[in-house]
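The next block is entry05.cif, given as mmCIF, C-alpha atoms.
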```
data_input
loop_
_atom_site.label_atom_id
_atom_site.label_comp_id
_atom_site.auth_asym_id
_atom_site.auth_seq_id
_atom_site.Cartn_x
_atom_site.Cartn_y
_atom_site.Cartn_z
CA MET A 1 -18.56 -2.21 -6.36
CA LYS A 2 -17.07 1.09 -5.27
CA ILE A 3 -14.33 0.55 -2.76
CA ILE A 4 -12.38 3.10 -0.77
CA THR A 5 -9.34 2.17 1.29
CA ILE A 6 -7.86 4.43 3.94
CA SER A 7 -4.26 4.08 5.09
CA ARG A 8 -3.23 6.50 7.80
CA GLU A 9 -0.49 7.78 10.04
CA PHE A 10 -1.17 7.37 13.76
CA GLY A 11 -2.99 10.46 15.03
CA SER A 12 -3.75 11.81 11.56
CA GLY A 13 -7.51 11.33 12.00
CA GLY A 14 -7.62 8.73 9.22
CA ARG A 15 -10.07 6.47 11.03
CA GLU A 16 -12.47 9.35 11.69
CA LEU A 17 -12.08 10.41 8.07
CA GLY A 18 -12.93 6.91 6.86
CA LYS A 19 -15.95 6.63 9.12
CA ARG A 20 -17.35 10.03 8.20
CA LEU A 21 -16.68 9.45 4.50
CA ALA A 22 -18.55 6.14 4.62
CA GLU A 23 -21.47 7.88 6.33
CA ALA A 24 -21.49 10.73 3.80
CA LEU A 25 -21.49 8.31 0.87
CA GLY A 26 -23.79 5.71 2.40
CA PHE A 27 -21.06 3.06 2.12
CA ALA A 28 -20.42 0.22 4.57
CA TYR A 29 -17.51 0.87 6.94
CA TYR A 30 -15.08 -1.86 7.99
CA ASP A 31 -12.44 -1.52 10.64
CA ALA A 32 -12.35 -3.46 13.92
CA GLU A 33 -15.01 -5.93 12.75
CA ILE A 34 -12.51 -7.34 10.27
CA LEU A 35 -10.43 -8.67 13.18
CA LYS A 36 -13.42 -10.55 14.55
CA ALA A 37 -14.14 -12.08 11.16
CA ILE A 38 -10.49 -13.10 10.72
CA ALA A 39 -10.51 -14.73 14.15
CA GLU A 40 -13.65 -16.66 13.28
CA LYS A 41 -12.34 -17.77 9.91
CA SER A 42 -8.89 -18.78 11.14
CA GLY A 43 -10.06 -20.33 14.41
CA LEU A 44 -7.51 -18.25 16.32
CA ALA A 45 -8.15 -15.97 19.29
CA GLU A 46 -9.06 -12.38 18.39
CA GLU A 47 -6.26 -11.12 20.63
CA TYR A 48 -3.69 -13.20 18.80
CA VAL A 49 -5.01 -12.06 15.42
CA ASN A 50 -4.76 -8.49 16.62
CA ASP A 51 -1.13 -9.07 17.56
CA VAL A 52 -0.31 -10.31 14.10
CA VAL A 53 -2.40 -7.90 12.03
CA GLU A 54 -2.07 -4.70 14.00
CA LYS A 55 1.14 -4.84 15.85
CA THR A 56 3.62 -7.20 14.39
CA SER A 57 5.17 -8.91 11.44
CA MET A 58 5.81 -12.53 10.66
CA TRP A 59 9.00 -12.39 12.69
CA TYR A 60 7.29 -11.32 15.89
CA MET A 61 6.85 -13.89 18.61
CA PRO A 62 6.83 -13.73 22.41
CA ILE A 63 10.44 -13.98 23.52
CA THR A 64 9.64 -16.85 25.88
CA TYR A 65 8.48 -18.91 22.90
CA ALA A 66 11.49 -18.19 20.78
CA ASN A 67 13.69 -20.91 22.18
CA THR A 68 12.05 -23.91 20.61
CA PHE A 69 11.97 -24.53 16.91
CA SER A 70 8.54 -26.12 17.09
CA CYS A 71 6.97 -22.98 18.55
CA TYR A 72 8.58 -20.93 15.83
CA ASN A 73 6.96 -23.15 13.23
CA LEU A 74 3.63 -22.88 14.99
CA HIS A 75 3.84 -19.11 14.94
CA GLU A 76 4.75 -19.10 11.29
CA GLU A 77 1.85 -21.39 10.48
CA ASN A 78 -0.59 -19.20 12.42
CA TYR A 79 0.79 -16.09 10.79
CA PHE A 80 -0.04 -17.45 7.35
CA LYS A 81 -3.43 -18.59 8.63
CA VAL A 82 -4.18 -15.02 9.71
CA ILE A 83 -2.91 -13.57 6.44
CA ARG A 84 -5.01 -15.96 4.37
CA ALA A 85 -8.09 -15.27 6.50
CA GLN A 86 -7.54 -11.51 6.27
CA THR A 87 -7.34 -11.68 2.49
CA GLU A 88 -10.49 -13.81 2.26
CA VAL A 89 -12.48 -11.69 4.74
CA ILE A 90 -11.62 -8.43 3.00
CA LYS A 91 -12.45 -9.83 -0.44
CA GLU A 92 -15.77 -11.20 0.82
CA LEU A 93 -16.73 -7.87 2.40
CA ALA A 94 -15.72 -5.96 -0.73
CA ASP A 95 -18.00 -8.23 -2.72
CA LYS A 96 -21.05 -7.39 -0.61
CA SER A 97 -21.57 -3.66 -1.14
CA ASP A 98 -19.83 -0.33 -1.70
CA CYS A 99 -17.54 0.13 1.28
CA VAL A 100 -14.70 1.86 3.08
CA PHE A 101 -11.84 -0.12 4.64
CA VAL A 102 -9.48 1.39 7.18
CA GLY A 103 -6.04 -0.22 7.33
CA ARG A 104 -5.38 -3.99 7.01
CA CYS A 105 -3.56 -3.60 3.67
CA ALA A 106 -6.96 -3.54 1.94
CA ASP A 107 -5.48 -1.35 -0.81
CA ALA A 108 -3.11 -4.14 -1.79
CA ILE A 109 -5.56 -7.00 -1.23
CA LEU A 110 -8.20 -5.35 -3.42
CA SER A 111 -5.91 -3.81 -6.03
CA GLU A 112 -7.55 -5.76 -8.86
CA LEU A 113 -10.85 -4.04 -8.08
CA SER A 114 -9.26 -0.59 -8.61
CA PRO A 115 -10.23 0.90 -5.26
CA LEU A 116 -9.84 4.57 -4.46
CA ASN A 117 -6.82 4.54 -2.15
CA ILE A 118 -6.46 7.45 0.27
CA PHE A 119 -3.48 8.06 2.54
CA VAL A 120 -4.11 10.36 5.50
CA HIS A 121 -1.14 12.07 7.14
CA ALA A 122 -0.27 15.08 9.28
CA ASN A 123 2.69 16.79 10.85
CA THR A 124 3.90 15.52 14.23
CA GLU A 125 2.50 18.48 16.17
CA SER A 126 -1.01 17.87 14.86
CA LYS A 127 -0.75 14.15 15.51
CA VAL A 128 0.33 14.74 19.11
CA ILE A 129 -2.63 17.08 19.67
CA ARG A 130 -5.07 14.59 18.12
CA CYS A 131 -3.62 11.66 20.12
CA ARG A 132 -3.98 13.64 23.34
CA LYS A 133 -7.63 14.44 22.57
CA LYS A 134 -8.44 10.80 21.88
CA ALA A 135 -6.37 9.26 24.69
CA PRO A 136 -8.15 7.09 27.27
CA GLU A 137 -8.75 8.83 30.59
CA HIS A 138 -6.05 6.94 32.46
CA GLU A 139 -3.33 7.79 29.90
CA HIS A 140 -1.13 10.72 30.86
CA LEU A 141 1.75 10.77 28.40
CA THR A 142 4.08 13.70 27.90
CA ASP A 143 4.49 15.16 24.40
CA LYS A 144 7.80 13.35 24.12
CA GLN A 145 6.21 10.03 25.08
CA LEU A 146 3.38 10.62 22.61
CA ARG A 147 5.85 11.38 19.82
CA ARG A 148 7.66 8.15 20.64
CA LYS A 149 4.39 6.19 20.63
CA ILE A 150 3.41 7.66 17.25
CA LYS A 151 6.79 6.71 15.79
CA ALA A 152 6.56 3.18 17.18
CA VAL A 153 3.03 2.52 15.86
CA GLU A 154 3.93 3.91 12.44
CA ALA A 155 7.12 1.84 12.29
CA LYS A 156 5.02 -1.28 12.86
CA ARG A 157 2.48 -0.26 10.21
CA ARG A 158 5.28 0.49 7.76
CA TYR A 159 6.92 -2.86 8.43
CA TYR A 160 3.70 -4.84 8.21
CA TYR A 161 2.76 -3.10 4.96
CA LYS A 162 6.20 -3.74 3.48
CA THR A 163 6.10 -7.42 4.47
CA PHE A 164 2.63 -7.87 3.07
CA THR A 165 2.75 -5.76 -0.11
CA HIS A 166 6.47 -5.23 -0.84
CA ASN A 167 5.59 -1.55 -1.28
CA LYS A 168 6.67 1.42 0.77
CA TRP A 169 3.92 2.50 3.14
CA GLY A 170 2.88 6.11 2.52
CA ASP A 171 4.62 6.49 -0.85
CA LYS A 172 2.27 8.80 -2.71
CA GLU A 173 2.39 6.82 -5.97
CA HIS A 174 0.48 3.95 -4.34
CA TYR A 175 -2.47 6.21 -3.47
CA ASN A 176 -4.97 8.20 -5.48
CA LEU A 177 -5.09 10.96 -2.92
CA CYS A 178 -2.84 11.91 -0.01
CA VAL A 179 -4.62 14.19 2.44
CA ASN A 180 -2.65 16.25 4.93
CA THR A 181 -4.90 16.90 7.95
CA SER A 182 -2.46 19.16 9.87
CA ASN A 183 -4.41 21.89 11.67
CA LYS A 184 -7.66 20.79 10.05
CA GLU A 185 -10.94 19.49 11.43
CA ILE A 186 -11.68 16.20 9.69
CA LYS A 187 -15.39 16.88 9.43
CA ASP A 188 -14.78 20.09 7.46
CA LEU A 189 -13.00 18.12 4.74
CA ILE A 190 -15.66 15.43 4.27
CA PRO A 191 -18.10 17.08 1.80
CA ALA A 192 -15.25 17.84 -0.64
CA LEU A 193 -13.74 14.39 -0.21
CA ALA A 194 -17.11 12.73 -0.76
CA GLU A 195 -17.44 14.80 -3.94
CA TYR A 196 -13.98 13.64 -4.97
CA CYS A 197 -14.92 10.02 -4.45
CA LYS A 198 -18.03 10.43 -6.61
CA ALA A 199 -15.94 12.02 -9.38
CA PHE A 200 -13.36 9.24 -9.07
CA PHE A 201 -15.91 6.48 -9.57
CA GLY A 202 -17.55 8.46 -12.39
CA MET B 1 -5.41 36.35 0.49
CA LYS B 2 -6.15 32.78 -0.50
CA ILE B 3 -3.23 31.26 -2.33
CA ILE B 4 -2.98 27.90 -4.06
CA THR B 5 0.30 26.55 -5.35
CA ILE B 6 0.54 23.66 -7.79
CA SER B 7 3.67 21.57 -8.14
CA ARG B 8 3.50 18.83 -10.72
CA GLU B 9 5.18 15.95 -12.44
CA PHE B 10 5.72 16.40 -16.18
CA GLY B 11 2.68 15.09 -18.01
CA SER B 12 0.51 14.80 -14.92
CA GLY B 13 -1.87 17.52 -16.10
CA GLY B 14 -0.89 19.80 -13.22
CA ARG B 15 -0.90 22.95 -15.32
CA GLU B 16 -4.38 22.20 -16.69
CA LEU B 17 -5.52 21.42 -13.17
CA GLY B 18 -4.19 24.74 -11.89
CA LYS B 19 -5.77 26.70 -14.71
CA ARG B 20 -9.17 25.03 -14.37
CA LEU B 21 -9.09 25.33 -10.59
CA ALA B 22 -8.36 29.07 -10.84
CA GLU B 23 -11.29 29.44 -13.26
CA ALA B 24 -13.63 27.46 -11.02
CA LEU B 25 -12.72 29.55 -7.97
CA GLY B 26 -12.45 32.90 -9.76
CA PHE B 27 -8.81 33.21 -8.69
CA ALA B 28 -6.02 34.81 -10.73
CA TYR B 29 -3.77 32.30 -12.48
CA TYR B 30 -0.01 32.76 -12.78
CA ASP B 31 2.29 30.64 -14.83
CA ALA B 32 4.27 31.84 -17.88
CA GLU B 33 3.59 35.52 -17.09
CA ILE B 34 5.84 35.21 -14.04
CA LEU B 35 8.84 34.69 -16.34
CA LYS B 36 8.09 37.93 -18.15
CA ALA B 37 7.82 39.83 -14.90
CA ILE B 38 11.08 38.33 -13.62
CA ALA B 39 12.83 39.32 -16.85
CA GLU B 40 11.54 42.88 -16.53
CA LYS B 41 12.52 43.16 -12.87
CA SER B 42 15.99 41.65 -13.28
CA GLY B 43 16.79 43.35 -16.58
CA LEU B 44 17.75 39.97 -18.07
CA ALA B 45 16.45 38.39 -21.28
CA GLU B 46 13.30 36.28 -20.86
CA GLU B 47 15.04 33.36 -22.56
CA TYR B 48 17.89 33.46 -20.08
CA VAL B 49 15.48 33.69 -17.15
CA ASN B 50 13.64 30.68 -18.53
CA ASP B 51 16.92 28.76 -18.67
CA VAL B 52 17.58 29.46 -15.01
CA VAL B 53 14.06 29.10 -13.63
CA GLU B 54 12.69 26.27 -15.71
CA LYS B 55 15.55 24.18 -16.83
CA THR B 56 18.57 24.53 -14.70
CA SER B 57 20.20 25.08 -11.36
CA MET B 58 22.81 27.52 -10.20
CA TRP B 59 25.51 25.24 -11.56
CA TYR B 60 24.21 25.25 -15.10
CA MET B 61 25.98 27.39 -17.64
CA PRO B 62 26.55 27.10 -21.40
CA ILE B 63 29.61 24.90 -21.83
CA THR B 64 31.30 27.51 -24.01
CA TYR B 65 31.16 29.97 -21.12
CA ALA B 66 32.51 27.57 -18.57
CA ASN B 67 36.17 28.14 -19.31
CA THR B 68 36.64 31.56 -17.84
CA PHE B 69 36.28 32.38 -14.18
CA SER B 70 34.79 35.80 -14.93
CA CYS B 71 31.92 34.28 -16.91
CA TYR B 72 31.26 31.86 -14.09
CA ASN B 73 30.94 34.78 -11.69
CA LEU B 74 28.68 36.59 -14.11
CA HIS B 75 26.42 33.56 -14.31
CA GLU B 76 26.36 33.22 -10.56
CA GLU B 77 25.46 36.90 -10.20
CA ASN B 78 22.68 36.62 -12.75
CA TYR B 79 21.38 33.48 -11.10
CA PHE B 80 20.90 35.29 -7.83
CA LYS B 81 19.39 38.24 -9.68
CA VAL B 82 16.79 35.89 -11.16
CA ILE B 83 16.14 34.21 -7.83
CA ARG B 84 15.64 37.55 -6.07
CA ALA B 85 13.37 38.80 -8.84
CA GLN B 86 11.36 35.56 -8.79
CA THR B 87 10.81 35.87 -5.05
CA GLU B 88 9.76 39.51 -5.32
CA VAL B 89 7.46 38.97 -8.31
CA ILE B 90 5.67 36.03 -6.70
CA LYS B 91 5.22 37.89 -3.41
CA GLU B 92 3.87 40.95 -5.23
CA LEU B 93 1.39 38.88 -7.22
CA ALA B 94 0.26 37.01 -4.10
CA ASP B 95 -0.41 40.35 -2.48
CA LYS B 96 -2.77 41.48 -5.23
CA SER B 97 -5.62 38.95 -5.11
CA ASP B 98 -6.57 35.33 -4.46
CA CYS B 99 -4.52 33.31 -6.91
CA VAL B 100 -3.11 30.03 -8.19
CA PHE B 101 0.60 29.64 -8.97
CA VAL B 102 1.92 26.78 -11.06
CA GLY B 103 5.54 25.84 -10.37
CA ARG B 104 8.36 28.33 -9.63
CA CYS B 105 8.75 27.15 -6.02
CA ALA B 106 5.82 29.40 -5.06
CA ASP B 107 4.96 26.99 -2.22
CA ALA B 108 8.29 27.71 -0.54
CA ILE B 109 8.39 31.42 -1.40
CA LEU B 110 4.92 31.99 0.05
CA SER B 111 5.10 29.54 2.96
CA GLU B 112 4.52 32.30 5.52
CA LEU B 113 1.14 33.00 3.95
CA SER B 114 0.02 29.37 4.53
CA PRO B 115 -0.94 28.59 0.95
CA LEU B 116 -2.80 25.44 -0.03
CA ASN B 117 -0.05 23.40 -1.65
CA ILE B 118 -1.10 20.73 -4.15
CA PHE B 119 1.20 18.19 -5.78
CA VAL B 120 -0.09 16.60 -8.97
CA HIS B 121 1.37 13.27 -10.07
CA ALA B 122 0.55 10.24 -12.21
CA ASN B 123 2.02 6.93 -13.26
CA THR B 124 4.44 6.89 -16.19
CA GLU B 125 1.93 5.35 -18.60
CA SER B 126 -0.58 8.14 -18.01
CA LYS B 127 2.12 10.78 -18.31
CA VAL B 128 3.31 9.38 -21.63
CA ILE B 129 -0.26 9.41 -22.98
CA ARG B 130 -0.82 12.99 -21.80
CA CYS B 131 2.53 14.16 -23.21
CA ARG B 132 1.68 12.62 -26.58
CA LYS B 133 -1.70 14.37 -26.66
CA LYS B 134 -0.15 17.75 -25.89
CA ALA B 135 2.95 17.39 -28.06
CA PRO B 136 3.54 19.99 -30.80
CA GLU B 137 2.69 18.78 -34.30
CA HIS B 138 6.29 18.38 -35.41
CA GLU B 139 7.23 16.20 -32.40
CA HIS B 140 7.22 12.48 -33.08
CA LEU B 141 8.83 10.82 -30.09
CA THR B 142 8.60 7.11 -29.33
CA ASP B 143 7.25 6.00 -25.94
CA LYS B 144 10.82 5.33 -24.83
CA GLN B 145 11.93 8.82 -25.85
CA LEU B 146 8.92 10.35 -24.08
CA ARG B 147 9.70 8.42 -20.89
CA ARG B 148 13.27 9.68 -21.08
CA LYS B 149 12.04 13.27 -21.61
CA ILE B 150 9.68 13.01 -18.62
CA LYS B 151 12.49 11.72 -16.43
CA ALA B 152 14.85 14.48 -17.56
CA VAL B 153 12.37 17.32 -16.98
CA GLU B 154 11.45 15.95 -13.56
CA ALA B 155 15.09 15.53 -12.57
CA LYS B 156 15.62 19.23 -13.33
CA ARG B 157 12.53 20.26 -11.36
CA ARG B 158 13.62 18.09 -8.45
CA TYR B 159 17.10 19.58 -8.49
CA TYR B 160 15.91 23.16 -8.81
CA TYR B 161 13.42 22.68 -5.98
CA LYS B 162 16.07 21.11 -3.75
CA THR B 163 18.55 23.91 -4.46
CA PHE B 164 15.95 26.57 -3.79
CA THR B 165 14.04 25.12 -0.84
CA HIS B 166 16.32 22.40 0.63
CA ASN B 167 13.24 20.15 0.60
CA LYS B 168 12.59 17.02 -1.42
CA TRP B 169 10.36 17.75 -4.39
CA GLY B 170 7.16 15.69 -4.27
CA ASP B 171 7.50 14.53 -0.65
CA LYS B 172 3.90 14.40 0.50
CA GLU B 173 4.56 16.09 3.84
CA HIS B 174 5.29 19.39 2.07
CA TYR B 175 1.85 19.43 0.44
CA ASN B 176 -1.70 19.66 1.71
CA LEU B 177 -2.98 17.41 -1.02
CA CYS B 178 -1.30 15.01 -3.45
CA VAL B 179 -3.54 14.20 -6.39
CA ASN B 180 -2.86 11.18 -8.56
CA THR B 181 -4.30 11.87 -12.03
CA SER B 182 -3.53 8.45 -13.55
CA ASN B 183 -6.32 7.44 -15.94
CA LYS B 184 -8.39 10.47 -14.94
CA GLU B 185 -9.71 13.44 -16.90
CA ILE B 186 -8.54 16.58 -15.10
CA LYS B 187 -11.80 18.42 -15.69
CA ASP B 188 -13.79 15.72 -13.89
CA LEU B 189 -11.80 16.32 -10.70
CA ILE B 190 -12.18 20.11 -10.61
CA PRO B 191 -15.55 20.57 -8.83
CA ALA B 192 -14.43 18.37 -5.91
CA LEU B 193 -11.01 20.04 -5.74
CA ALA B 194 -12.59 23.49 -5.80
CA GLU B 195 -14.83 22.35 -2.93
CA TYR B 196 -11.74 21.12 -1.09
CA CYS B 197 -10.03 24.49 -1.53
CA LYS B 198 -13.06 26.30 -0.12
CA ALA B 199 -13.10 23.96 2.91
CA PHE B 200 -9.36 24.44 3.35
CA PHE B 201 -9.61 28.22 3.53
CA GLY B 202 -12.67 27.94 5.78
#
```

Here is the file; what I need is its structure written in the form of structure tokens.
Amino acid sequence: MKIITISREFGSGGRELGKRLAEALGFAYYDAEILKAIAEKSGLAEEYVNDVVEKTSMWYMPITYANTFSCYNLHEENYFKVIRAQTEVIKELADKSDCVFVGRCADAILSELSPLNIFVHANTESKVIRCRKKAPEHEHLTDKQLRRKIKAVEAKRRYYYKTFTHNKWGDKEHYNLCVNTSNKEIKDLIPALAEYCKAFFG
Amino acid sequence: MKIITISREFGSGGRELGKRLAEALGFAYYDAEILKAIAEKSGLAEEYVNDVVEKTSMWYMPITYANTFSCYNLHEENYFKVIRAQTEVIKELADKSDCVFVGRCADAILSELSPLNIFVHANTESKVIRCRKKAPEHEHLTDKQLRRKIKAVEAKRRYYYKTFTHNKWGDKEHYNLCVNTSNKEIKDLIPALAEYCKAFFG
């Protein structure tokens, strides 16, 4: 199987890049549907899984729960349930067909299959512009608030990645290609990237 | 003008990549010839220029010279002469035609012209293999010696880059593309990279 994993800074256009690349190559594309599959496999609510996988680390728990030792243990148990399910789901999907994964530490989970690992990043200015374009209608954040949001999301991704893989998120040596999308339209880069992927898999 | 700069780890195949990319795009290619031009412009010996530009920083000087203050000043003066000449030569060449520069901090010198900056890197194993392939006939280094050589050359490049640009050499945010050449043949990557360059310049 040919597997591509996309890790990305918030607002870098990494998700769009992954989706378009999958389309260009005729590969399956996995992103949000992984959450659903993890929820099914682990028997936990999708919202809870999302909290663990997307937003938090093992040490996260609602502050109101933090007072009792038993709840702590429950959270820990569920955390490992999610992690195990995530690993299984991603491996099962990777076994089905050529595919592109966005996020979810798929690069680490599938490392034995030698995936093509791409990291997508951009300068803060470009990320702010892209976040503004993609913001839901009701969101009216200032540039400063957007910069803070970007930092916060990336800090969580960095921490989750570190906890899960023991590697530093975004360190170029863990990726085959690091693409800087500052001031670029994602769609303009796709034909060349698709060509690169074909060359990579030989 | 369309300008591509290549920075590279020792043994990553960055020079070959730059040369092949220039050929594929029909761009001029500048590498060793820059040294000659700097020597001519500064009135200093090519060997001395090479010592400053390739191997050392401002604080390098032959140990036998280090005892007298006047020699120190002379070295400092020559260092700045080389740096000025390097900046002028690279700017002049960039003004002539579309081109590819390998090394020499061209990415920083030409930053106002928005070049496409590529960083080429690889894991140590791949670099050792590539260094062994390209070694001169009389060189018979062990893997350990080669690893030490790679580290030493890269430490010098890192230090020179830091002194000259105040940036961290190899930090992905300073480059448009970071290409990991581990276990790859450079020539196989060229068509896709040439395509990427065309998309980048629009």

Exercise for the section: Determine the residue set returned by the PyMOL selection byres ((chain A) within 12 of (chain B)) for the present structure, and present it as a count of residues only. Expected result: 44

Exercise for the section: Please provide the set of residues having any atom within 9 Å of Met1 (chain A), restricted to all atoms listed in the file, with same-chain residues fewer than 3 positions apart removed, written as a list in words. Expected result: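 Close residues of Met1 (chain A): Ala94, Asp95, Lys96, Ser97, Asp98, Cys99, Leu113 and Pro115 of chain A.
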
I need the chosen residues saved as a PDB file, in the frame of the given file, with C-alpha atoms.
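File written: part20.pdb
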```pdb
ATOM      1  CA  ALA A  94     -15.720  -5.960  -0.730  1.00  0.00           C
ATOM      2  CA  ASP A  95     -18.000  -8.230  -2.720  1.00  0.00           C
ATOM      3  CA  LYS A  96     -21.050  -7.390  -0.610  1.00  0.00           C
ATOM      4  CA  SER A  97     -21.570  -3.660  -1.140  1.00  0.00           C
ATOM      5  CA  ASP A  98     -19.830  -0.330  -1.700  1.00  0.00           C
ATOM      6  CA  CYS A  99     -17.540   0.130   1.280  1.00  0.00           C
ATOM      7  CA  LEU A 113     -10.850  -4.040  -8.080  1.00  0.00           C
ATOM      8  CA  PRO A 115     -10.230   0.900  -5.260  1.00  0.00           C
TER       9      PRO A 115
END
```

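Applied to this file, the PyMOL selection byres ((chain B and resi 21) around 8) selects the residues Leu17, Gly18, Lys19, Arg20, Ala22, Glu23, Ala24, Leu25, Val100, Ile190, Leu193 and Ala194 of chain B.
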
Those selected residues, please, written with C-alpha atoms and delivered as a CSV table (one decimal), in the frame of the given file.
```
chain,number,residue,atom,x,y,z
B,17,LEU,CA,-5.5,21.4,-13.2
B,18,GLY,CA,-4.2,24.7,-11.9
B,19,LYS,CA,-5.8,26.7,-14.7
B,20,ARG,CA,-9.2,25.0,-14.4
B,22,ALA,CA,-8.4,29.1,-10.8
B,23,GLU,CA,-11.3,29.4,-13.3
B,24,ALA,CA,-13.6,27.5,-11.0
B,25,LEU,CA,-12.7,29.6,-8.0
B,100,VAL,CA,-3.1,30.0,-8.2
B,190,ILE,CA,-12.2,20.1,-10.6
B,193,LEU,CA,-11.0,20.0,-5.7
B,194,ALA,CA,-12.6,23.5,-5.8
```

Exercise for the section: To one decimal in Å, tell me the separation between CA of Arg84 (chain B) and CA of Tyr161 (chain B). Expected result: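 That distance, rounded to one decimal, is 15.0 Å.
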
Env of Leu35 (chain B): 10 Å cut, atoms = all atoms listed in the file, seq-sep filter 5 positions within chain, self excluded. Answer as a CSV table (one decimal) with C-alpha atoms, in the frame of the given file.
```csv
chain,number,residue,atom,x,y,z
B,30,TYR,CA,0.0,32.8,-12.8
B,40,GLU,CA,11.5,42.9,-16.5
B,41,LYS,CA,12.5,43.2,-12.9
B,45,ALA,CA,16.4,38.4,-21.3
B,46,GLU,CA,13.3,36.3,-20.9
B,47,GLU,CA,15.0,33.4,-22.6
B,48,TYR,CA,17.9,33.5,-20.1
B,49,VAL,CA,15.5,33.7,-17.2
B,50,ASN,CA,13.6,30.7,-18.5
B,53,VAL,CA,14.1,29.1,-13.6
B,54,GLU,CA,12.7,26.3,-15.7
B,82,VAL,CA,16.8,35.9,-11.2
B,85,ALA,CA,13.4,38.8,-8.8
B,86,GLN,CA,11.4,35.6,-8.8
B,89,VAL,CA,7.5,39.0,-8.3
B,104,ARG,CA,8.4,28.3,-9.6
```

Handout entry: Polymer residues at most 7 Å from (-11.9, -1.0, 5.0) by all atoms listed in the file, as a ChimeraX atom specification
Key = /A:5-6,29-31,99-103,106

Practice task
Given the file shown, enumerate the residues that the PyMOL selection byres ((chain B and resi 145-150) around 12) captures and present them as a PyMOL selection string.
Solution key: chain B and resi 8-12+121-135+139-144+151-157

Practice task
Point out the residue among A:Glu16, A:Lys91, A:Trp169, A:Thr163 with the least atom-to-atom distance to Tyr79 (chain A), counting only C-alpha atoms.
Solution key: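 Checking each candidate against Tyr79 (chain A), we get A:Thr163 as the closest.
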
Problem - d(CA of Lys162 (chain A), CA of Ala39 (chain A)) in Å - result: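 Between these atoms lies a distance of 22.7 Å.
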
Serialized region 155-186 of chain A w/ C-alpha atoms as an mmCIF file, in the first residue's frame:
```cif
data_model
loop_
_atom_site.group_PDB
_atom_site.id
_atom_site.type_symbol
_atom_site.label_atom_id
_atom_site.label_comp_id
_atom_site.auth_asym_id
_atom_site.auth_seq_id
_atom_site.Cartn_x
_atom_site.Cartn_y
_atom_site.Cartn_z
ATOM 1 C CA ALA A 155 0.594 23.673 21.524
ATOM 2 C CA LYS A 156 -1.999 20.929 22.006
ATOM 3 C CA ARG A 157 -0.967 19.146 18.806
ATOM 4 C CA ARG A 158 2.689 19.380 19.800
ATOM 5 C CA TYR A 159 1.956 17.994 23.254
ATOM 6 C CA TYR A 160 -0.246 15.176 22.000
ATOM 7 C CA TYR A 161 2.346 14.204 19.391
ATOM 8 C CA LYS A 162 5.132 14.249 21.969
ATOM 9 C CA THR A 163 3.112 12.125 24.411
ATOM 10 C CA PHE A 164 2.193 9.635 21.730
ATOM 11 C CA THR A 165 5.420 9.381 19.711
ATOM 12 C CA HIS A 166 8.158 10.803 21.972
ATOM 13 C CA ASN A 167 9.230 12.858 18.950
ATOM 14 C CA LYS A 168 9.183 16.593 18.467
ATOM 15 C CA TRP A 169 6.207 17.652 16.359
ATOM 16 C CA GLY A 170 7.315 19.488 13.208
ATOM 17 C CA ASP A 171 10.999 18.515 13.411
ATOM 18 C CA LYS A 172 11.938 18.193 9.761
ATOM 19 C CA GLU A 173 13.888 14.946 10.225
ATOM 20 C CA HIS A 174 10.658 13.058 10.970
ATOM 21 C CA TYR A 175 9.137 14.029 7.612
ATOM 22 C CA ASN A 176 10.011 13.333 3.997
ATOM 23 C CA LEU A 177 8.851 16.735 2.882
ATOM 24 C CA CYS A 178 8.104 19.974 4.733
ATOM 25 C CA VAL A 179 5.986 22.318 2.646
ATOM 26 C CA ASN A 180 5.774 25.997 3.495
ATOM 27 C CA THR A 181 2.439 27.314 2.197
ATOM 28 C CA SER A 182 2.984 30.989 3.130
ATOM 29 C CA ASN A 183 1.431 33.229 0.464
ATOM 30 C CA LYS A 184 0.592 30.231 -1.713
ATOM 31 C CA GLU A 185 -2.663 28.801 -3.006
ATOM 32 C CA ILE A 186 -2.785 25.139 -1.992
#
```
